[in-house]
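Novice: The structure file data_0.pdb (PDB, C-alpha atoms, pLDDT in the B column) is provided below.
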ATOM      1  CA  GLY V   1     -61.108 -11.994 -30.708  1.00 57.00           C
ATOM      2  CA  GLY V   2     -58.925  -8.901 -30.788  1.00 51.00           C
ATOM      3  CA  PRO V   3     -59.858  -7.621 -27.284  1.00 52.00           C
ATOM      4  CA  SER V   4     -59.237 -11.061 -25.753  1.00 51.00           C
ATOM      5  CA  THR V   5     -55.584 -11.030 -26.843  1.00 49.00           C
ATOM      6  CA  PRO V   6     -54.394  -8.345 -24.358  1.00 53.00           C
ATOM      7  CA  PRO V   7     -55.671 -10.157 -21.234  1.00 53.00           C
ATOM      8  CA  PRO V   8     -53.298 -13.106 -21.724  1.00 52.00           C
ATOM      9  CA  TYR V   9     -50.553 -10.515 -22.034  1.00 48.00           C
ATOM     10  CA  THR V  10     -51.792  -8.983 -18.833  1.00 47.00           C
ATOM     11  CA  ILE V  11     -51.753 -12.405 -17.265  1.00 46.00           C
ATOM     12  CA  GLY V  12     -48.288 -12.822 -18.713  1.00 43.00           C
ATOM     13  CA  ALA V  13     -47.359  -9.532 -17.046  1.00 45.00           C
ATOM     14  CA  HIS V  14     -48.763 -10.895 -13.775  1.00 48.00           C
ATOM     15  CA  GLY V  15     -46.901 -14.067 -14.550  1.00 46.00           C
ATOM     16  CA  SER V  16     -43.778 -11.935 -14.562  1.00 45.00           C
ATOM     17  CA  ALA V  17     -44.575 -10.987 -10.980  1.00 45.00           C
ATOM     18  CA  PRO V  18     -42.265 -13.873 -10.037  1.00 48.00           C
ATOM     19  CA  GLY V  19     -39.979 -12.037 -12.418  1.00 47.00           C
ATOM     20  CA  GLY V  20     -40.512  -9.172  -9.986  1.00 46.00           C
ATOM     21  CA  ASN V  21     -38.850 -11.504  -7.540  1.00 47.00           C
ATOM     22  CA  GLY V  22     -36.287 -11.793 -10.280  1.00 46.00           C
ATOM     23  CA  GLY V  23     -36.034  -8.028  -9.903  1.00 46.00           C
ATOM     24  CA  SER V  24     -35.316  -8.507  -6.227  1.00 46.00           C
ATOM     25  CA  GLY V  25     -33.125 -11.356  -7.483  1.00 46.00           C
ATOM     26  CA  GLY V  26     -31.452  -8.585  -9.448  1.00 47.00           C
ATOM     27  CA  LYS V  27     -30.534  -7.081  -6.083  1.00 49.00           C
ATOM     28  CA  LYS V  28     -28.929 -10.348  -5.032  1.00 50.00           C
ATOM     29  CA  PRO V  29     -26.259 -10.282  -7.764  1.00 54.00           C
ATOM     30  CA  SER V  30     -25.115  -6.850  -6.641  1.00 68.00           C
ATOM     31  CA  PRO V  31     -24.036  -8.097  -3.171  1.00 67.00           C
ATOM     32  CA  GLY V  32     -22.531 -11.077  -5.020  1.00 68.00           C
ATOM     33  CA  ALA V  33     -20.823  -8.650  -7.344  1.00 69.00           C
ATOM     34  CA  MET V  34     -19.598  -6.709  -4.318  1.00 68.00           C
ATOM     35  CA  ALA V  35     -18.203  -9.938  -2.883  1.00 71.00           C
ATOM     36  CA  GLY V  36     -16.553 -10.566  -6.230  1.00 72.00           C
ATOM     37  CA  TYR V  37     -15.042  -7.084  -6.154  1.00 74.00           C
ATOM     38  CA  GLY V  38     -13.905  -7.734  -2.578  1.00 72.00           C
ATOM     39  CA  LEU V  39     -12.218 -10.967  -3.624  1.00 73.00           C
ATOM     40  CA  ALA V  40     -10.557  -9.161  -6.522  1.00 73.00           C
ATOM     41  CA  ALA V  41      -9.322  -6.473  -4.116  1.00 72.00           C
ATOM     42  CA  VAL V  42      -7.950  -9.154  -1.761  1.00 71.00           C
ATOM     43  CA  ALA V  43      -6.188 -10.811  -4.699  1.00 72.00           C
ATOM     44  CA  VAL V  44      -4.612  -7.484  -5.658  1.00 71.00           C
ATOM     45  CA  ILE V  45      -3.511  -6.872  -2.052  1.00 75.00           C
ATOM     46  CA  VAL V  46      -2.014 -10.378  -1.823  1.00 68.00           C
ATOM     47  CA  ALA V  47      -0.175  -9.795  -5.107  1.00 70.00           C
ATOM     48  CA  LEU V  48       1.165  -6.484  -3.780  1.00 69.00           C
ATOM     49  CA  VAL V  49       2.322  -8.187  -0.567  1.00 68.00           C
ATOM     50  CA  PHE V  50       4.243 -10.743  -2.630  1.00 66.00           C
ATOM     51  CA  VAL V  51       5.805  -7.970  -4.696  1.00 63.00           C
ATOM     52  CA  ILE V  52       6.784  -6.078  -1.546  1.00 66.00           C
ATOM     53  CA  ILE V  53       8.202  -9.251   0.042  1.00 67.00           C
ATOM     54  CA  GLY V  54      10.121  -9.919  -3.164  1.00 64.00           C
ATOM     55  CA  LEU V  55      11.555  -6.407  -3.143  1.00 64.00           C
ATOM     56  CA  THR V  56      12.319  -6.523   0.560  1.00 58.00           C
ATOM     57  CA  SER V  57      14.016  -9.905   0.447  1.00 55.00           C
ATOM     58  CA  GLY V  58      15.946  -8.691  -2.567  1.00 51.00           C
ATOM     59  CA  GLY V  59      17.044  -5.724  -0.456  1.00 46.00           C
ATOM     60  CA  ASP V  60      18.045  -7.984   2.448  1.00 44.00           C
ATOM     61  CA  ASP V  61      20.287 -10.135   0.292  1.00 45.00           C
ATOM     62  CA  PRO V  62      23.881  -9.088   0.852  1.00 45.00           C
ATOM     63  CA  ASP V  63      24.294  -8.030  -2.779  1.00 44.00           C
ATOM     64  CA  PRO V  64      26.946  -5.414  -2.004  1.00 43.00           C
ATOM     65  CA  LYS V  65      29.126  -7.972  -0.199  1.00 42.00           C
ATOM     66  CA  PRO V  66      29.742 -10.356  -3.116  1.00 44.00           C
ATOM     67  CA  THR V  67      30.752  -7.410  -5.301  1.00 41.00           C
ATOM     68  CA  ALA V  68      33.009  -6.177  -2.503  1.00 41.00           C
ATOM     69  CA  LYS V  69      34.599  -9.592  -1.873  1.00 41.00           C
ATOM     70  CA  PRO V  70      36.694  -9.826  -5.039  1.00 43.00           C
ATOM     71  CA  LYS V  71      38.196  -6.361  -4.413  1.00 39.00           C
ATOM     72  CA  PRO V  72      40.356  -7.376  -1.419  1.00 42.00           C
ATOM     73  CA  SER V  73      41.561 -10.575  -3.082  1.00 41.00           C
ATOM     74  CA  PRO V  74      44.033  -9.002  -5.573  1.00 41.00           C
ATOM     75  CA  THR V  75      45.701  -6.865  -2.888  1.00 39.00           C
ATOM     76  CA  ALA V  76      45.554  -9.658  -0.325  1.00 41.00           C
ATOM     77  CA  SER V  77      46.833 -12.293  -2.754  1.00 40.00           C
ATOM     78  CA  THR V  78      49.914 -10.190  -3.540  1.00 40.00           C
ATOM     79  CA  GLY V  79      50.763 -10.458   0.144  1.00 41.00           C
ATOM     80  CA  ASP V  80      50.169 -14.236   0.244  1.00 43.00           C
ATOM     81  CA  ASP V  81      53.050 -16.452   1.231  1.00 46.00           C
ATOM     82  CA  GLY V  82      52.585 -18.836  -1.689  1.00 43.00           C
ATOM     83  CA  ASP V  83      53.153 -17.127  -5.022  1.00 41.00           C
ATOM     84  CA  SER V  84      52.171 -20.356  -6.799  1.00 41.00           C
ATOM     85  CA  THR V  85      48.598 -20.065  -5.489  1.00 40.00           C
ATOM     86  CA  THR V  86      48.490 -16.426  -6.579  1.00 41.00           C
ATOM     87  CA  ASN V  87      49.696 -17.402 -10.055  1.00 40.00           C
ATOM     88  CA  ASP V  88      47.093 -20.171 -10.210  1.00 41.00           C
ATOM     89  CA  GLY V  89      44.488 -17.588  -9.290  1.00 40.00           C
ATOM     90  CA  GLY V  90      45.667 -15.355 -12.096  1.00 41.00           C
ATOM     91  CA  SER V  91      45.448 -18.105 -14.707  1.00 40.00           C
ATOM     92  CA  ASP V  92      42.026 -19.374 -13.616  1.00 44.00           C
ATOM     93  CA  SER V  93      39.676 -16.516 -12.749  1.00 52.00           C
ATOM     94  CA  GLY V  94      36.966 -18.921 -11.457  1.00 73.00           C
ATOM     95  CA  GLY V  95      39.404 -20.929  -9.361  1.00 90.00           C
ATOM     96  CA  PHE V  96      41.348 -19.428  -6.477  1.00 94.00           C
ATOM     97  CA  LYS V  97      39.534 -17.069  -4.113  1.00 94.00           C
ATOM     98  CA  GLY V  98      41.633 -14.852  -1.899  1.00 94.00           C
ATOM     99  CA  PRO V  99      41.005 -14.061   1.765  1.00 94.00           C
ATOM    100  CA  ASP V 100      38.107 -11.901   2.899  1.00 95.00           C
ATOM    101  CA  LYS V 101      39.630  -9.796   5.679  1.00 94.00           C
ATOM    102  CA  SER V 102      36.276  -8.094   6.346  1.00 96.00           C
ATOM    103  CA  ARG V 103      34.867 -11.226   8.039  1.00 96.00           C
ATOM    104  CA  THR V 104      36.221 -10.736  11.544  1.00 97.00           C
ATOM    105  CA  ILE V 105      35.374 -11.899  15.036  1.00 97.00           C
ATOM    106  CA  ASP V 106      35.623  -9.374  17.843  1.00 96.00           C
ATOM    107  CA  SER V 107      38.211 -10.368  20.471  1.00 96.00           C
ATOM    108  CA  SER V 108      35.622  -9.723  23.194  1.00 97.00           C
ATOM    109  CA  LYS V 109      33.773 -12.849  21.974  1.00 96.00           C
ATOM    110  CA  CYS V 110      36.701 -14.801  23.456  1.00 97.00           C
ATOM    111  CA  THR V 111      37.737 -12.555  26.351  1.00 97.00           C
ATOM    112  CA  ASP V 112      34.121 -12.158  27.547  1.00 96.00           C
ATOM    113  CA  ALA V 113      32.913 -15.653  26.622  1.00 96.00           C
ATOM    114  CA  THR V 114      29.786 -16.867  28.401  1.00 95.00           C
ATOM    115  CA  GLU V 115      30.408 -19.181  31.353  1.00 95.00           C
ATOM    116  CA  SER V 116      29.288 -22.780  30.942  1.00 94.00           C
ATOM    117  CA  TYR V 117      25.962 -23.520  32.588  1.00 93.00           C
ATOM    118  CA  SER V 118      27.137 -26.908  33.820  1.00 93.00           C
ATOM    119  CA  ASP V 119      30.742 -26.138  34.871  1.00 94.00           C
ATOM    120  CA  LYS V 120      31.793 -22.669  36.050  1.00 91.00           C
ATOM    121  CA  SER V 121      35.467 -23.394  35.265  1.00 94.00           C
ATOM    122  CA  LYS V 122      34.564 -23.685  31.573  1.00 96.00           C
ATOM    123  CA  VAL V 123      33.238 -21.264  28.988  1.00 96.00           C
ATOM    124  CA  MET V 124      31.086 -21.645  25.895  1.00 96.00           C
ATOM    125  CA  VAL V 125      33.056 -21.375  22.668  1.00 96.00           C
ATOM    126  CA  PRO V 126      31.986 -18.512  20.385  1.00 97.00           C
ATOM    127  CA  ASP V 127      31.143 -19.166  16.740  1.00 97.00           C
ATOM    128  CA  MET V 128      34.355 -18.716  14.762  1.00 97.00           C
ATOM    129  CA  THR V 129      33.142 -20.158  11.470  1.00 97.00           C
ATOM    130  CA  ILE V 130      33.072 -18.049   8.303  1.00 97.00           C
ATOM    131  CA  LYS V 131      35.564 -15.676   9.946  1.00 97.00           C
ATOM    132  CA  ASP V 132      39.054 -14.778   8.731  1.00 97.00           C
ATOM    133  CA  LEU V 133      41.770 -16.883  10.422  1.00 97.00           C
ATOM    134  CA  THR V 134      43.812 -13.814  11.399  1.00 97.00           C
ATOM    135  CA  SER V 135      40.963 -12.375  13.487  1.00 97.00           C
ATOM    136  CA  VAL V 136      40.198 -15.792  15.018  1.00 97.00           C
ATOM    137  CA  LYS V 137      43.855 -16.166  16.106  1.00 97.00           C
ATOM    138  CA  ALA V 138      43.761 -12.638  17.574  1.00 97.00           C
ATOM    139  CA  CYS V 139      40.595 -13.568  19.502  1.00 98.00           C
ATOM    140  CA  LEU V 140      42.234 -16.730  20.894  1.00 97.00           C
ATOM    141  CA  ARG V 141      45.426 -14.841  21.849  1.00 97.00           C
ATOM    142  CA  ALA V 142      43.448 -12.071  23.588  1.00 97.00           C
ATOM    143  CA  ALA V 143      41.746 -14.663  25.806  1.00 97.00           C
ATOM    144  CA  GLY V 144      44.907 -16.731  26.316  1.00 97.00           C
ATOM    145  CA  TRP V 145      43.323 -19.754  24.619  1.00 97.00           C
ATOM    146  CA  LYS V 146      45.368 -22.373  22.793  1.00 97.00           C
ATOM    147  CA  LEU V 147      45.069 -23.021  19.079  1.00 97.00           C
ATOM    148  CA  GLY V 148      45.119 -26.724  18.216  1.00 97.00           C
ATOM    149  CA  GLU V 149      45.410 -28.237  14.755  1.00 97.00           C
ATOM    150  CA  VAL V 150      44.692 -26.114  11.703  1.00 97.00           C
ATOM    151  CA  THR V 151      43.543 -28.335   8.834  1.00 97.00           C
ATOM    152  CA  LYS V 152      43.376 -26.985   5.273  1.00 97.00           C
ATOM    153  CA  GLU V 153      40.420 -27.782   3.028  1.00 97.00           C
ATOM    154  CA  ASP V 154      39.980 -26.930  -0.648  1.00 96.00           C
ATOM    155  CA  GLU V 155      36.961 -24.686  -1.260  1.00 95.00           C
ATOM    156  CA  ASN V 156      36.602 -21.375  -3.057  1.00 94.00           C
ATOM    157  CA  VAL V 157      33.187 -20.154  -1.889  1.00 94.00           C
ATOM    158  CA  TRP V 158      34.353 -18.300   1.229  1.00 95.00           C
ATOM    159  CA  GLY V 159      37.984 -17.693   0.265  1.00 95.00           C
ATOM    160  CA  LYS V 160      41.448 -18.447   1.578  1.00 97.00           C
ATOM    161  CA  ASN V 161      41.970 -18.520   5.367  1.00 97.00           C
ATOM    162  CA  THR V 162      38.246 -18.548   6.150  1.00 97.00           C
ATOM    163  CA  VAL V 163      37.410 -20.835   9.089  1.00 98.00           C
ATOM    164  CA  LEU V 164      35.038 -23.536   7.806  1.00 98.00           C
ATOM    165  CA  GLU V 165      34.757 -25.714  10.927  1.00 97.00           C
ATOM    166  CA  GLN V 166      35.801 -25.566  14.551  1.00 98.00           C
ATOM    167  CA  SER V 167      36.186 -28.108  17.321  1.00 97.00           C
ATOM    168  CA  PRO V 168      34.782 -27.760  19.915  1.00 96.00           C
ATOM    169  CA  ASP V 169      31.717 -26.368  18.131  1.00 97.00           C
ATOM    170  CA  SER V 170      30.242 -23.013  19.043  1.00 95.00           C
ATOM    171  CA  LEU V 171      28.411 -23.016  22.392  1.00 95.00           C
ATOM    172  CA  ASP V 172      30.211 -26.222  23.434  1.00 96.00           C
ATOM    173  CA  ASP V 173      31.944 -26.212  26.828  1.00 96.00           C
ATOM    174  CA  PHE V 174      35.645 -25.383  26.684  1.00 95.00           C
ATOM    175  CA  ASP V 175      38.287 -25.440  29.416  1.00 96.00           C
ATOM    176  CA  PRO V 176      40.710 -22.635  28.513  1.00 94.00           C
ATOM    177  CA  LYS V 177      43.393 -24.087  30.828  1.00 94.00           C
ATOM    178  CA  LYS V 178      43.510 -27.544  29.191  1.00 95.00           C
ATOM    179  CA  ASP V 179      41.625 -27.596  25.897  1.00 96.00           C
ATOM    180  CA  LYS V 180      42.695 -26.429  22.455  1.00 97.00           C
ATOM    181  CA  ILE V 181      40.541 -25.251  19.580  1.00 97.00           C
ATOM    182  CA  ASP V 182      41.042 -27.067  16.271  1.00 98.00           C
ATOM    183  CA  LEU V 183      40.113 -25.292  13.058  1.00 98.00           C
ATOM    184  CA  THR V 184      39.462 -26.292   9.446  1.00 98.00           C
ATOM    185  CA  VAL V 185      40.461 -23.462   7.131  1.00 98.00           C
ATOM    186  CA  SER V 186      39.853 -22.793   3.433  1.00 97.00           C
ATOM    187  CA  THR V 187      42.742 -22.885   0.967  1.00 97.00           C
ATOM    188  CA  GLY V 188      40.771 -20.713  -1.444  1.00 96.00           C
ATOM    189  CA  GLN V 189      41.339 -23.361  -4.126  1.00 95.00           C
ATOM    190  CA  PRO V 190      38.373 -25.065  -5.809  1.00 94.00           C
ATOM    191  CA  ALA V 191      37.443 -28.443  -4.367  1.00 89.00           C
ATOM    192  CA  ASP V 192      38.190 -31.355  -6.710  1.00 83.00           C
TER     193      ASP V 192
END
Represent the supplied structure as structure tokens.
Specialist:
Amino acid sequence: GGPSTPPPYTIGAHGSAPGGNGGSGGKKPSPGAMAGYGLAAVAVIVALVFVIIGLTSGGDDPDPKPTAKPKPSPTASTGDDGDSTTNDGGSDSGGFKGPDKSRTIDSSKCTDATESYSDKSKVMVPDMTIKDLTSVKACLRAAGWKLGEVTKEDENVWGKNTVLEQSPDSLDDFDPKKDKIDLTVSTGQPAD
């Protein structure tokens, strides 16, 4: 009986010949593992791209500008016509926002304005919004254009004397001989 026991084992060993296929099946997981490693590498690359985009967009944000904005307001607010608004600004640090003289429009935007496509006697109005009123007036004067109504609006995001709206809008046709440009300008005071 003892010698007959090894043959079944031998048969069992032959029976593991399909397990030999399992050995070749052992080769199959390695390409699968490689694919898994590839996916992991792609995931790492994607994560790095997001980090880089995050850093880049953080770099594109005009972070220096907001810190620079408050600096002109104390000197500019001392020169303001209305001392009452300056005093209000002093009492409420989160309230009044002074002018930002750095936001200017070049006079050439008015003097060299693009001709209207539909009417050669007209020009297209440049974008004057989010610009300081002083520079906008200088632009209009340089081109000989007429300033219409200037409406004040309470808002303290952009600061006093910042143009919030214009009529006609930018790129609208404008007849410099007849038309006027109306502006809505910030008071620098918080909106109620």
Novice: How would you write, as a PyMOL selection string, the residues chosen by the PyMOL selection byres ((chain V and resi 160) around 6) on this structure?
Specialist: chain V and resi 98-99+159+161-162+186-188
Novice: Distance atom CA of V:Lys131-atom CA of V:Ile105, one decimal place?
Specialist: 6.3 Å
Novice: By how many Å are atom CA of V:Leu164 and atom CA of V:Arg103 apart?
Specialist: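 Interatomic distance here is 12.3 Å.
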Novice: Between V:Gly38, V:Ile130, V:Gln189, V:Ser108, which residue has the minimum interatomic distance to V:Glu153, considering only C-alpha atoms?
Specialist: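 Ranking V:Gly38, V:Ile130, V:Gln189, V:Ser108 by distance to V:Glu153, first place goes to V:Gln189.
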Novice: Which residue out of V:Asp154, V:Asp100, V:Asp173, V:Asp106 has the minimum interatomic distance to V:Met128 when all atoms listed in the file are used?
Specialist: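 Under the stated criterion, the closest residue is V:Asp106.
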Novice: When you count all atoms listed in the file, which of these residues is closest to V:Trp158: V:Thr111, V:Thr134, V:Ser116, V:Thr129?
Specialist: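 Among V:Thr111, V:Thr134, V:Ser116, V:Thr129, it is V:Thr129 that comes nearest to V:Trp158.
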Novice: Could you tell me how far atom CA of V:Val123 lies from atom CA of V:Val185, in Å and to one decimal?
Specialist: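 Straight-line distance from atom CA of V:Val123 to atom CA of V:Val185 works out to 23.1 Å.
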Novice: Using only C-alpha atoms, which residues sit within 10 Å of V:Ser167 once same-chain residues fewer than 2 positions away are excluded, as a list in words?
Specialist: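 The filter keeps Val125, Met128, Gly148, Glu149, Glu165, Asp169, Ser170, Asp172, Phe174, Lys180, Ile181, Asp182, Leu183 and Thr184 of chain V.
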Novice: Taking C-alpha atoms for each residue, export the selection above as an mmCIF file, in the coordinates of the input.
Specialist:
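Saved file again15.cif follows:
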data_model
loop_
_atom_site.group_PDB
_atom_site.id
_atom_site.type_symbol
_atom_site.label_atom_id
_atom_site.label_comp_id
_atom_site.auth_asym_id
_atom_site.auth_seq_id
_atom_site.Cartn_x
_atom_site.Cartn_y
_atom_site.Cartn_z
ATOM 1 C CA VAL V 125 33.056 -21.375 22.668
ATOM 2 C CA MET V 128 34.355 -18.716 14.762
ATOM 3 C CA GLY V 148 45.119 -26.724 18.216
ATOM 4 C CA GLU V 149 45.410 -28.237 14.755
ATOM 5 C CA GLU V 165 34.757 -25.714 10.927
ATOM 6 C CA ASP V 169 31.717 -26.368 18.131
ATOM 7 C CA SER V 170 30.242 -23.013 19.043
ATOM 8 C CA ASP V 172 30.211 -26.222 23.434
ATOM 9 C CA PHE V 174 35.645 -25.383 26.684
ATOM 10 C CA LYS V 180 42.695 -26.429 22.455
ATOM 11 C CA ILE V 181 40.541 -25.251 19.580
ATOM 12 C CA ASP V 182 41.042 -27.067 16.271
ATOM 13 C CA LEU V 183 40.113 -25.292 13.058
ATOM 14 C CA THR V 184 39.462 -26.292 9.446
#
Novice: Could you check which of V:Ala47, V:Ala35, V:Val42, V:Cys110 is closest to V:Gly144, using all atoms listed in the file?
Specialist: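 Among the listed residues, V:Cys110 lies closest to V:Gly144.
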Novice: Applying the PyMOL selection byres ((chain V and resi 143) around 10) to the file I just gave you, which residues come out? Please list them as an MDAnalysis selection string.
Specialist: chainID V and resid 107:113 138:142 144:146 176
